[in-house]
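For reference, query.cif (mmCIF, C-alpha atoms):
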data_entry
#
loop_
_atom_site.label_atom_id
_atom_site.label_comp_id
_atom_site.auth_asym_id
_atom_site.auth_seq_id
_atom_site.Cartn_x
_atom_site.Cartn_y
_atom_site.Cartn_z
CA MET C 1 35.60 25.86 25.56
CA SER C 2 38.73 23.96 26.36
CA ASP C 3 37.38 20.45 26.14
CA VAL C 4 35.55 19.75 22.94
CA THR C 5 34.68 16.14 22.29
CA ARG C 6 33.97 14.47 19.03
CA ASP C 7 30.35 14.14 20.13
CA GLN C 8 30.11 17.89 20.49
CA LEU C 9 31.56 18.39 17.03
CA MET C 10 29.02 15.95 15.70
CA ALA C 11 26.17 17.66 17.52
CA HIS C 12 27.35 20.90 15.98
CA ALA C 13 27.47 19.38 12.51
CA ASP C 14 23.97 17.97 13.01
CA GLY C 15 22.56 21.28 14.22
CA SER C 16 21.68 19.88 17.62
CA LEU C 17 23.49 22.49 19.69
CA SER C 18 21.64 25.48 21.11
CA ALA C 19 22.16 28.80 19.35
CA GLU C 20 24.54 29.90 22.09
CA GLU C 21 26.61 26.73 22.10
CA SER C 22 26.71 26.79 18.37
CA ALA C 23 28.05 30.34 18.25
CA ALA C 24 30.72 29.46 20.80
CA MET C 25 31.64 26.41 18.76
CA ASP C 26 31.97 28.46 15.58
CA ALA C 27 34.33 30.80 17.36
CA TRP C 28 36.33 27.85 18.64
CA LEU C 29 36.47 26.22 15.22
CA ALA C 30 37.64 29.42 13.56
CA GLU C 31 41.06 28.83 15.08
CA ARG C 32 41.19 25.08 14.52
CA PRO C 33 41.07 24.28 10.80
CA GLU C 34 41.54 20.57 11.45
CA ALA C 35 38.44 20.33 13.62
CA ALA C 36 36.50 22.60 11.26
CA ALA C 37 37.38 20.26 8.39
CA GLU C 38 36.07 17.35 10.44
CA VAL C 39 32.76 19.15 10.97
CA ALA C 40 32.57 19.90 7.26
CA ARG C 41 33.20 16.22 6.48
CA MET C 42 30.34 15.17 8.69
CA GLN C 43 28.10 17.69 7.00
CA ARG C 44 29.11 16.42 3.60
CA GLN C 45 28.19 12.94 4.73
CA THR C 46 24.76 14.22 5.75
CA ASP C 47 24.39 16.00 2.42
CA ALA C 48 25.27 12.86 0.52
CA ILE C 49 22.68 10.83 2.44
CA ARG C 50 20.07 13.46 1.69
CA THR C 51 21.02 13.58 -1.99
CA LEU C 52 20.60 9.84 -2.06
CA TYR C 53 17.16 9.52 -0.50
CA ALA C 54 15.54 12.95 -0.31
CA PRO C 55 14.01 12.70 -3.83
CA VAL C 56 11.70 9.96 -2.51
CA ALA C 57 9.71 12.59 -0.63
CA ALA C 58 8.99 14.43 -3.87
CA GLU C 59 7.57 11.34 -5.61
CA PRO C 60 3.80 11.32 -6.09
CA ILE C 61 2.11 9.46 -3.25
CA PRO C 62 0.59 6.19 -4.45
CA PRO C 63 -3.18 5.94 -3.88
CA ARG C 64 -2.79 3.12 -1.39
CA LEU C 65 -1.03 5.54 0.95
CA SER C 66 -3.82 8.12 0.81
CA VAL C 67 -4.77 8.94 4.39
CA GLU C 68 -8.38 9.60 3.45
CA ARG C 69 -8.68 6.26 1.72
CA LEU C 70 -7.07 4.37 4.58
CA ARG C 71 -9.36 6.12 7.03
CA GLN C 72 -12.43 5.08 5.06
CA SER C 73 -11.38 1.47 4.69
CA GLY C 74 -10.41 1.37 8.36
CA GLU C 75 -13.81 2.69 9.36
CA LYS C 76 -15.56 0.20 7.15
CA ARG C 77 -13.58 -2.58 8.77
CA ARG C 78 -14.41 -1.28 12.21
CA GLY C 79 -18.02 -0.84 11.16
CA ARG C 80 -18.17 -4.47 10.15
CA LEU C 81 -16.55 -5.50 13.39
CA TRP C 82 -19.09 -3.45 15.27
CA ILE C 83 -21.96 -4.97 13.33
CA ASN C 84 -20.58 -8.43 14.00
CA ALA C 85 -20.27 -7.67 17.67
CA ALA C 86 -23.75 -6.18 17.85
CA ALA C 87 -25.10 -9.15 15.94
CA ALA C 88 -23.41 -11.54 18.33
CA VAL C 89 -25.03 -9.88 21.34
CA PHE C 90 -28.35 -9.89 19.57
CA LEU C 91 -27.98 -13.54 18.71
CA ILE C 92 -27.40 -14.58 22.27
CA GLY C 93 -30.66 -12.88 23.08
CA LEU C 94 -32.51 -14.37 20.21
CA GLY C 95 -31.21 -17.85 20.54
CA LEU C 96 -28.85 -19.91 18.49
CA GLY C 97 -31.15 -20.71 15.60
CA ALA C 98 -31.95 -17.14 14.68
CA GLY C 99 -28.35 -16.30 15.28
CA TRP C 100 -26.98 -18.64 12.67
CA LEU C 101 -29.48 -17.34 10.19
CA LEU C 102 -28.39 -13.75 10.63
CA ARG C 103 -24.73 -14.61 10.49
CA GLY C 104 -25.26 -16.39 7.21
CA GLN C 105 -26.90 -13.38 5.73
CA MET C 106 -24.13 -11.05 6.75
CA GLU C 107 -21.48 -13.20 5.19
CA THR C 108 -23.27 -13.69 1.93
CA SER C 109 -24.18 -10.09 1.33
CA GLY C 110 -20.40 -9.70 1.48
CA ILE C 111 -19.92 -12.20 -1.31
CA ALA C 112 -22.40 -10.32 -3.51
CA ASP C 113 -20.47 -7.11 -2.94
CA ARG C 114 -17.21 -8.82 -3.81
CA LEU C 115 -18.63 -10.30 -6.99
CA ILE C 116 -20.06 -6.93 -8.02
CA ALA C 117 -16.66 -5.37 -7.38
CA ASP C 118 -14.94 -8.06 -9.49
CA ALA C 119 -17.49 -7.61 -12.27
CA VAL C 120 -17.14 -3.85 -12.30
CA SER C 121 -13.37 -3.92 -12.37
CA ALA C 122 -13.38 -6.41 -15.24
CA HIS C 123 -15.95 -4.23 -17.00
CA THR C 124 -13.84 -1.10 -16.55
CA VAL C 125 -10.74 -2.78 -17.90
CA TYR C 126 -12.15 -4.47 -20.99
CA VAL C 127 -14.77 -2.03 -22.29
CA LEU C 128 -11.92 0.38 -23.01
CA GLU C 129 -10.25 -2.09 -25.35
CA ASN C 130 -11.01 -1.85 -29.04
CA ARG C 131 -9.21 -4.67 -30.79
CA HIS C 132 -8.87 -6.88 -27.73
CA ALA C 133 -12.18 -6.31 -26.00
CA VAL C 134 -13.00 -10.01 -26.17
CA GLU C 135 -11.02 -13.19 -26.30
CA VAL C 136 -13.40 -15.08 -28.56
CA ASN C 137 -15.52 -13.23 -31.08
CA GLY C 138 -19.30 -13.28 -30.80
CA ALA C 139 -19.61 -14.63 -34.33
CA ASP C 140 -18.42 -17.93 -32.92
CA SER C 141 -21.13 -18.05 -30.33
CA GLU C 142 -21.57 -21.81 -30.33
CA HIS C 143 -17.93 -22.42 -29.55
CA LEU C 144 -18.01 -19.70 -26.89
CA SER C 145 -21.02 -21.26 -25.30
CA SER C 146 -19.55 -24.75 -25.05
CA TRP C 147 -16.11 -23.49 -23.98
CA LEU C 148 -17.40 -21.25 -21.19
CA SER C 149 -19.96 -23.85 -20.08
CA ASN C 150 -17.15 -26.38 -19.69
CA ARG C 151 -14.90 -24.03 -17.82
CA LEU C 152 -17.62 -22.87 -15.44
CA GLN C 153 -19.08 -26.36 -15.19
CA THR C 154 -22.60 -25.17 -15.82
CA THR C 155 -24.78 -24.63 -18.86
CA LEU C 156 -24.35 -21.23 -20.41
CA ALA C 157 -26.09 -19.94 -23.51
CA MET C 158 -25.05 -16.66 -25.09
CA PRO C 159 -28.06 -14.36 -24.64
CA ASP C 160 -29.26 -12.49 -27.71
CA LEU C 161 -29.98 -8.90 -26.69
CA SER C 162 -30.62 -7.43 -30.14
CA ALA C 163 -34.19 -6.67 -29.05
CA SER C 164 -32.67 -4.18 -26.61
CA GLY C 165 -30.45 -2.75 -29.35
CA LEU C 166 -27.34 -4.59 -28.17
CA ASN C 167 -24.96 -6.34 -30.50
CA PHE C 168 -23.02 -9.35 -29.12
CA LEU C 169 -19.22 -8.76 -29.30
CA GLY C 170 -17.98 -11.94 -27.67
CA GLY C 171 -16.57 -13.16 -24.39
CA ARG C 172 -13.59 -14.11 -22.31
CA LEU C 173 -12.65 -16.28 -19.37
CA LEU C 174 -11.49 -14.50 -16.19
CA PRO C 175 -10.08 -15.59 -12.85
CA ALA C 176 -12.62 -15.26 -10.02
CA PRO C 177 -11.00 -15.94 -6.65
CA ASN C 178 -14.25 -15.38 -4.77
CA VAL C 179 -16.24 -18.30 -6.13
CA PRO C 180 -15.89 -22.08 -6.17
CA GLY C 181 -14.06 -23.12 -9.32
CA GLY C 182 -12.24 -19.80 -9.45
CA ARG C 183 -13.46 -18.86 -12.94
CA ALA C 184 -15.86 -16.32 -14.38
CA ALA C 185 -17.06 -15.58 -17.89
CA GLN C 186 -17.42 -12.07 -19.22
CA LEU C 187 -19.72 -11.46 -22.19
CA MET C 188 -19.70 -8.10 -23.89
CA TYR C 189 -22.36 -6.25 -25.88
CA GLU C 190 -22.37 -2.91 -27.63
CA ASP C 191 -25.23 -0.58 -28.52
CA ALA C 192 -25.55 1.66 -31.59
CA ALA C 193 -24.00 4.57 -29.72
CA GLY C 194 -20.95 2.48 -28.83
CA ALA C 195 -21.86 2.08 -25.15
CA ARG C 196 -20.87 -1.32 -23.82
CA LEU C 197 -22.60 -3.71 -21.48
CA THR C 198 -20.95 -6.69 -19.82
CA LEU C 199 -22.31 -9.79 -18.15
CA TYR C 200 -20.07 -11.29 -15.51
CA VAL C 201 -21.17 -14.85 -14.91
CA THR C 202 -19.89 -17.19 -12.22
CA PRO C 203 -21.04 -20.51 -10.81
CA SER C 204 -23.27 -19.93 -7.80
CA PRO C 205 -21.18 -18.75 -4.85
CA GLY C 206 -23.37 -20.57 -2.33
CA PRO C 207 -26.90 -21.27 -1.23
CA ASP C 208 -27.31 -18.12 0.89
CA THR C 209 -26.27 -15.55 -1.68
CA PRO C 210 -28.77 -12.69 -1.88
CA SER C 211 -30.77 -13.13 -5.04
CA TYR C 212 -30.73 -9.55 -6.19
CA GLU C 213 -28.69 -6.38 -5.71
CA LEU C 214 -28.46 -3.12 -7.57
CA ALA C 215 -25.45 -0.83 -7.29
CA ASN C 216 -25.13 2.65 -8.64
CA LEU C 217 -21.52 3.46 -9.53
CA GLY C 218 -21.62 6.97 -10.90
CA LEU C 219 -21.62 6.51 -14.65
CA ASP C 220 -22.29 2.80 -14.55
CA THR C 221 -25.02 0.77 -12.94
CA ALA C 222 -24.46 -2.81 -11.86
CA LEU C 223 -27.21 -5.35 -11.31
CA PHE C 224 -26.41 -8.59 -9.55
CA TRP C 225 -28.50 -11.67 -9.15
CA ALA C 226 -27.85 -15.23 -8.18
CA ASP C 227 -29.80 -18.46 -8.18
CA ALA C 228 -28.97 -22.06 -7.35
CA ALA C 229 -26.68 -22.48 -10.37
CA ILE C 230 -25.09 -19.17 -11.32
CA SER C 231 -24.56 -15.56 -10.38
CA CYS C 232 -24.57 -12.81 -12.96
CA THR C 233 -23.64 -9.15 -12.71
CA ILE C 234 -24.71 -6.84 -15.52
CA THR C 235 -22.73 -3.63 -15.77
CA ALA C 236 -23.54 -0.85 -18.21
CA PRO C 237 -23.74 2.93 -18.38
CA TYR C 238 -27.55 2.70 -18.29
CA PRO C 239 -30.14 3.81 -15.73
CA ALA C 240 -31.46 1.15 -13.35
CA GLU C 241 -34.84 0.68 -15.08
CA LYS C 242 -33.29 -0.05 -18.43
CA LEU C 243 -30.86 -2.49 -16.84
CA GLN C 244 -33.69 -4.29 -15.09
CA SER C 245 -35.58 -4.83 -18.29
CA ILE C 246 -32.42 -6.14 -19.98
CA ALA C 247 -31.82 -8.38 -16.98
CA ARG C 248 -35.13 -10.13 -17.59
CA THR C 249 -34.11 -10.96 -21.13
CA VAL C 250 -30.67 -12.07 -20.04
CA PHE C 251 -31.95 -14.33 -17.32
CA SER C 252 -34.48 -16.11 -19.49
CA GLN C 253 -31.82 -16.92 -22.09
CA LEU C 254 -28.62 -17.39 -20.11
CA ASN C 255 -29.57 -20.55 -18.37
CA PRO C 256 -32.83 -21.78 -19.88
CA THR C 257 -33.11 -24.69 -17.47
CA LEU C 258 -33.81 -22.36 -14.58
CA THR C 259 -36.91 -20.75 -13.16
CA ASP C 260 -37.92 -17.27 -14.15
CA TYR C 261 -36.13 -14.21 -13.05
CA ARG C 262 -38.07 -12.44 -10.32
CA THR C 263 -37.99 -8.73 -10.03
CA MET H 1 -9.57 14.69 15.13
CA ILE H 2 -9.56 16.17 11.64
CA ASP H 3 -6.34 18.00 12.40
CA ILE H 4 -4.44 14.91 13.35
CA LEU H 5 -5.37 13.33 10.01
CA HIS H 6 -3.94 16.36 8.29
CA GLU H 7 -0.79 16.06 10.31
CA ILE H 8 -0.52 12.38 9.48
CA GLU H 9 -0.98 13.18 5.82
CA ALA H 10 1.69 15.86 5.94
CA ALA H 11 4.16 13.32 7.30
CA VAL H 12 3.63 10.75 4.53
CA PRO H 13 6.44 11.97 2.22
CA ALA H 14 8.93 11.91 5.10
CA LEU H 15 7.78 8.46 6.22
CA ARG H 16 8.20 7.12 2.69
CA ARG H 17 11.64 8.64 2.44
CA TYR H 18 12.76 7.19 5.75
CA ALA H 19 11.23 3.78 5.00
CA ARG H 20 12.89 3.68 1.60
CA ALA H 21 16.30 4.48 3.04
CA LEU H 22 15.76 1.92 5.81
CA THR H 23 14.67 -0.93 3.52
CA ARG H 24 16.26 0.22 0.24
CA ASP H 25 13.28 -1.40 -1.47
CA LEU H 26 10.35 0.52 -2.94
CA ASP H 27 7.63 -2.04 -2.31
CA ARG H 28 8.73 -3.06 1.11
CA ALA H 29 9.05 0.59 2.07
CA ASP H 30 5.55 1.47 0.94
CA ASP H 31 4.13 -1.64 2.61
CA LEU H 32 5.74 -0.46 5.79
CA VAL H 33 4.32 3.04 5.43
CA GLN H 34 0.87 1.64 4.69
CA ASP H 35 0.97 -0.53 7.83
CA CYS H 36 2.15 2.45 9.81
CA LEU H 37 -0.61 4.72 8.50
CA GLU H 38 -3.32 2.11 9.06
CA ARG H 39 -2.21 1.69 12.64
CA ALA H 40 -1.90 5.42 13.25
CA ILE H 41 -5.30 6.16 11.74
CA ALA H 42 -6.99 3.41 13.72
CA ARG H 43 -5.38 4.57 16.94
CA ARG H 44 -5.50 8.29 16.43
CA SER H 45 -8.05 8.72 19.18
CA LEU H 46 -5.50 7.23 21.60
CA PHE H 47 -2.84 9.72 20.63
CA ARG H 48 -2.24 12.27 23.36
CA PRO H 49 -0.28 15.21 22.10
CA LYS H 50 2.68 15.05 24.42
CA GLY H 51 4.99 15.32 21.44
CA PRO H 52 4.78 15.95 17.73
CA VAL H 53 2.60 13.63 15.65
CA ARG H 54 5.67 13.11 13.47
CA ALA H 55 7.63 11.49 16.29
CA TRP H 56 4.71 9.23 17.09
CA LEU H 57 4.48 8.12 13.46
CA PHE H 58 8.19 7.42 13.23
CA THR H 59 8.00 5.37 16.42
CA ILE H 60 5.27 3.21 14.91
CA LEU H 61 7.21 2.82 11.68
CA VAL H 62 10.46 1.87 13.40
CA ASN H 63 8.70 -0.72 15.55
CA LEU H 64 6.87 -2.24 12.60
CA HIS H 65 10.12 -2.45 10.69
CA ARG H 66 11.84 -4.24 13.58
CA ASN H 67 8.93 -6.68 13.84
CA ASN H 68 9.09 -7.37 10.12
CA LEU H 69 12.79 -8.09 10.29
CA ARG H 70 12.27 -10.43 13.19
CA GLY H 71 9.70 -12.29 11.09
CA ALA H 72 11.94 -12.25 8.03
CA ARG H 73 14.83 -13.73 9.97
CA ARG H 74 12.68 -16.69 10.84
CA ARG H 75 11.47 -17.13 7.28
CA GLY H 76 14.83 -16.52 5.68
CA ASP H 77 15.77 -13.16 4.33
CA VAL H 78 15.01 -11.61 0.99
CA VAL H 79 18.26 -10.64 -0.64
CA ASP H 80 18.23 -7.29 -2.32
CA ILE H 81 19.56 -7.85 -5.80
CA GLU H 82 21.52 -4.60 -5.57
CA SER H 83 23.42 -5.93 -2.61
CA ILE H 84 24.90 -8.73 -4.70
CA PRO H 85 28.24 -7.44 -5.88
CA GLU H 86 28.38 -6.95 -9.60
CA PRO H 87 31.42 -8.16 -11.50
CA SER H 88 33.56 -5.14 -12.31
CA VAL H 89 31.25 -2.26 -12.97
CA PRO H 90 32.87 0.30 -15.20
CA PRO H 91 32.90 3.62 -13.38
CA GLN H 92 30.38 6.03 -14.88
CA GLN H 93 30.05 9.39 -13.22
CA PRO H 94 32.25 9.52 -10.17
CA GLY H 95 29.54 11.29 -8.14
CA HIS H 96 26.96 8.72 -9.10
CA LEU H 97 29.27 5.90 -8.20
CA ALA H 98 30.07 7.38 -4.82
CA LEU H 99 26.37 7.65 -4.00
CA ALA H 100 25.69 4.08 -5.09
CA GLU H 101 28.55 3.00 -2.87
CA LEU H 102 27.14 5.01 0.02
CA ASP H 103 23.72 3.43 -0.52
CA ARG H 104 25.24 -0.02 -0.35
CA ALA H 105 27.28 0.91 2.70
CA ILE H 106 24.18 2.15 4.53
CA GLY H 107 22.56 -1.16 3.73
CA THR H 108 25.29 -2.99 5.61
CA LEU H 109 25.03 -0.95 8.82
CA PRO H 110 23.57 -2.65 11.88
CA LEU H 111 19.90 -1.76 12.17
CA GLU H 112 20.23 0.27 15.36
CA GLN H 113 22.90 2.47 13.79
CA LYS H 114 20.98 2.84 10.56
CA GLU H 115 17.79 3.88 12.35
CA ALA H 116 19.61 6.56 14.30
CA LEU H 117 21.74 7.83 11.44
CA LEU H 118 18.81 8.26 9.06
CA LEU H 119 16.58 10.01 11.60
CA VAL H 120 19.26 12.59 12.26
CA THR H 121 20.83 13.07 8.82
CA LEU H 122 18.07 12.31 6.34
CA GLU H 123 15.13 13.51 8.41
CA GLY H 124 17.07 16.28 10.15
CA LEU H 125 15.49 15.54 13.51
CA PRO H 126 16.99 17.01 16.68
CA TYR H 127 18.89 14.49 18.81
CA ALA H 128 16.29 14.63 21.58
CA GLU H 129 13.44 13.75 19.22
CA ALA H 130 15.39 10.94 17.56
CA ALA H 131 16.26 9.51 20.97
CA THR H 132 12.59 9.59 21.99
CA ILE H 133 11.53 7.83 18.80
CA LEU H 134 14.10 5.08 19.29
CA ASP H 135 13.40 5.00 23.02
CA ILE H 136 17.07 5.28 23.98
CA PRO H 137 19.05 7.79 26.10
CA LEU H 138 20.69 10.70 24.33
CA GLY H 139 24.18 9.31 24.96
CA THR H 140 23.28 6.01 23.33
CA LEU H 141 21.91 7.84 20.32
CA MET H 142 25.11 9.80 19.92
CA SER H 143 27.33 6.79 20.22
CA ARG H 144 25.28 4.94 17.59
CA LEU H 145 25.52 7.96 15.33
CA GLY H 146 29.26 8.21 15.81
CA ARG H 147 29.76 4.54 15.04
CA ALA H 148 27.52 4.74 11.97
CA ARG H 149 29.43 7.70 10.59
CA ALA H 150 32.78 6.06 11.18
CA ALA H 151 31.61 2.83 9.56
CA LEU H 152 30.33 4.64 6.48
CA ARG H 153 33.62 6.38 6.11
CA THR H 154 35.52 3.13 6.19
CA LEU H 155 33.09 1.41 3.87
CA THR H 156 33.05 4.14 1.26
CA GLY H 157 36.82 4.29 1.34
CA ILE H 158 37.12 7.95 2.24
CA PRO H 159 40.56 8.32 3.80
CA SER H 160 40.39 7.93 7.53
CA GLU H 161 40.36 11.02 9.61
CA PRO H 162 43.25 12.72 11.25
CA HIS H 163 43.32 11.80 14.90
CA LEU H 164 40.49 13.72 16.41
CA ARG H 165 39.28 11.52 19.16
CA THR H 166 39.47 14.37 21.58
CA VAL H 167 40.37 17.81 20.52
CA LYS H 168 41.84 20.07 23.07
#
The structure in this file should be written as structure tokens.
Amino acid sequence: MSDVTRDQLMAHADGSLSAEESAAMDAWLAERPEAAAEVARMQRQTDAIRTLYAPVAAEPIPPRLSVERLRQSGEKRRGRLWINAAAAVFLIGLGLGAGWLLRGQMETSGIADRLIADAVSAHTVYVLENRHAVEVNGADSEHLSSWLSNRLQTTLAMPDLSASGLNFLGGRLLPAPNVPGGRAAQLMYEDAAGARLTLYVTPSPGPDTPSYELANLGLDTALFWADAAISCTITAPYPAEKLQSIARTVFSQLNPTLTDYRT
Amino acid sequence: MIDILHEIEAAVPALRRYARALTRDLDRADDLVQDCLERAIARRSLFRPKGPVRAWLFTILVNLHRNNLRGARRRGDVVDIESIPEPSVPPQQPGHLALAELDRAIGTLPLEQKEALLLVTLEGLPYAEAATILDIPLGTLMSRLGRARAALRTLTGIPSEPHLRTVK
């Protein structure tokens, strides 16, 4: 051990020497306080760097870094890719006309899912609010109606759901990046037990939107429909049948100029 | 297949720690880790266990970070507000101040030195594994480490070392 380089000292300080080399180095250092101090300095440097950043590893992992979640969303993405690819092959076989039809359907069922997701997240946020559940109170329903109709550039009446035991609380305007115009209206109702129902209304996202979709979300159920003028998602902690019967009432009142709601 | 997901998951705290030290920015660090995890999860079937999963993950992370920086250089860099010198900060705790100084000093290191230094000191990886991750020979790793350590010493104002270039 006559020739010890700075690199070897560093490797010793960093624990990268073999057990044997390390023991020999310790013996060598025992007689050379200056070199031993140098090793200690390097170790202190390492300790300081760890003190600085090591606590990060103890922080709770944010949900977006959950491996399970990322795996699921990755698989969904791949699934969609696979469906697209399969559809493309199928289309070539079927001919261009049928192909375009199918492609249209795939894209628009996506828009329904996105609108349901927007509706449900707005529902989840605002039904928890007590004093600020709505932006404009339901007592002022005429003003609400004209305001929201203007903003959404369509005719919107405020449906009366008292026959279903639901009291109108009011409404608010929300951003809706997934639809033309970029705005949605949320109307909120409350039953005698305090359970809340919301309508999430947007201008029609496009001609090929599926007319009807039902989504079960654990506690809540969401019912989506769209016609030529608007789309509406009803979200409430009710079973599907009850929601469907409410939907009929909503549809007939929301936009009276339109044809009947078909179940 | 299931096992590799578990191994990936087990490495998340270390990846976050390394990314945070590398970027010194919480959001950018977690963005980096998320990109890294997405890539690793999507490509896990391609992973052949010739080394630890950890090394593979760090390789992905380091490469993504380099790509991001390349992109950032073209777009103009985001300046970390902490890196802007503050006018005369009254010294609080001396230990706290020294660490803040060290943090800033690490931020000024050239990327290749910073990558190497943090893998070895913060992550405690053996030289051989760190060299594999950075795809450089062992000697190169050690010289980057040596330069990083010397630079930090100068930057944090710790009195320079007695002459120890070669000890006989």
Output check: residues returned by the PyMOL selection byres ((chain C) within 8 of (chain H)), as an MDAnalysis selection string: chainID C and resid 2:7 10 14:16 35 38 42 45:50 52:59 61 64:67 70:71 74
Check the smallest atom-to-atom distance from each of H:Ala116, H:Ala55, H:Leu111, H:Leu155 to H:Ile136 using only C-alpha atoms, then report the winner. H:Ala116
Judged by all atoms listed in the file, the minimum distance to C:Ser252 among C:Pro60, C:Pro180, C:Gly110, C:Pro159 is found for C:Pro159
Using only C-alpha atoms, which protein or nucleic acid residues come within 9 Å of C:Ala139? Drop anything in the same chain fewer than 5 positions from it, and give the result as a PyMOL selection string. chain C and resi 168-170
One decimal, Å: what's the distance from atom CA of H:Leu134 over to atom CA of H:Leu46, could you say?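 Between atom CA of H:Leu134 and atom CA of H:Leu46 the gap is 19.9 Å.
For the pair atom CA of C:Thr209 and atom CA of C:Ile111, the interatomic distance is 7.2 Å.
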One decimal, in Å: what's the spacing between atom CA of C:Ala195 and atom CA of C:Ala236?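 Here the two named atoms are 7.7 Å from each other.
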Using all atoms listed in the file, pick whichever of C:Gly171, C:Ile234, C:Ala13, C:Leu115 has the shortest atom-to-atom distance to C:Ser204.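 Counting all atoms listed in the file, the residue closest to C:Ser204 is C:Leu115.
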Using the chain letters and numbers from this file, what does the PyMOL selection byres ((chain C and resi 148) around 10) select? Give the answer as a list in words.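 Listing what the PyMOL selection byres ((chain C and resi 148) around 10) selects in the shown file: His143, Leu144, Ser145, Ser146, Trp147, Ser149, Asn150, Arg151, Leu152, Gln153, Thr154, Thr155, Leu156, Ala157, Met158, Gly171, Arg172, Leu173, Arg183, Ala184, Ala185, Gln186 and Val201 of chain C.
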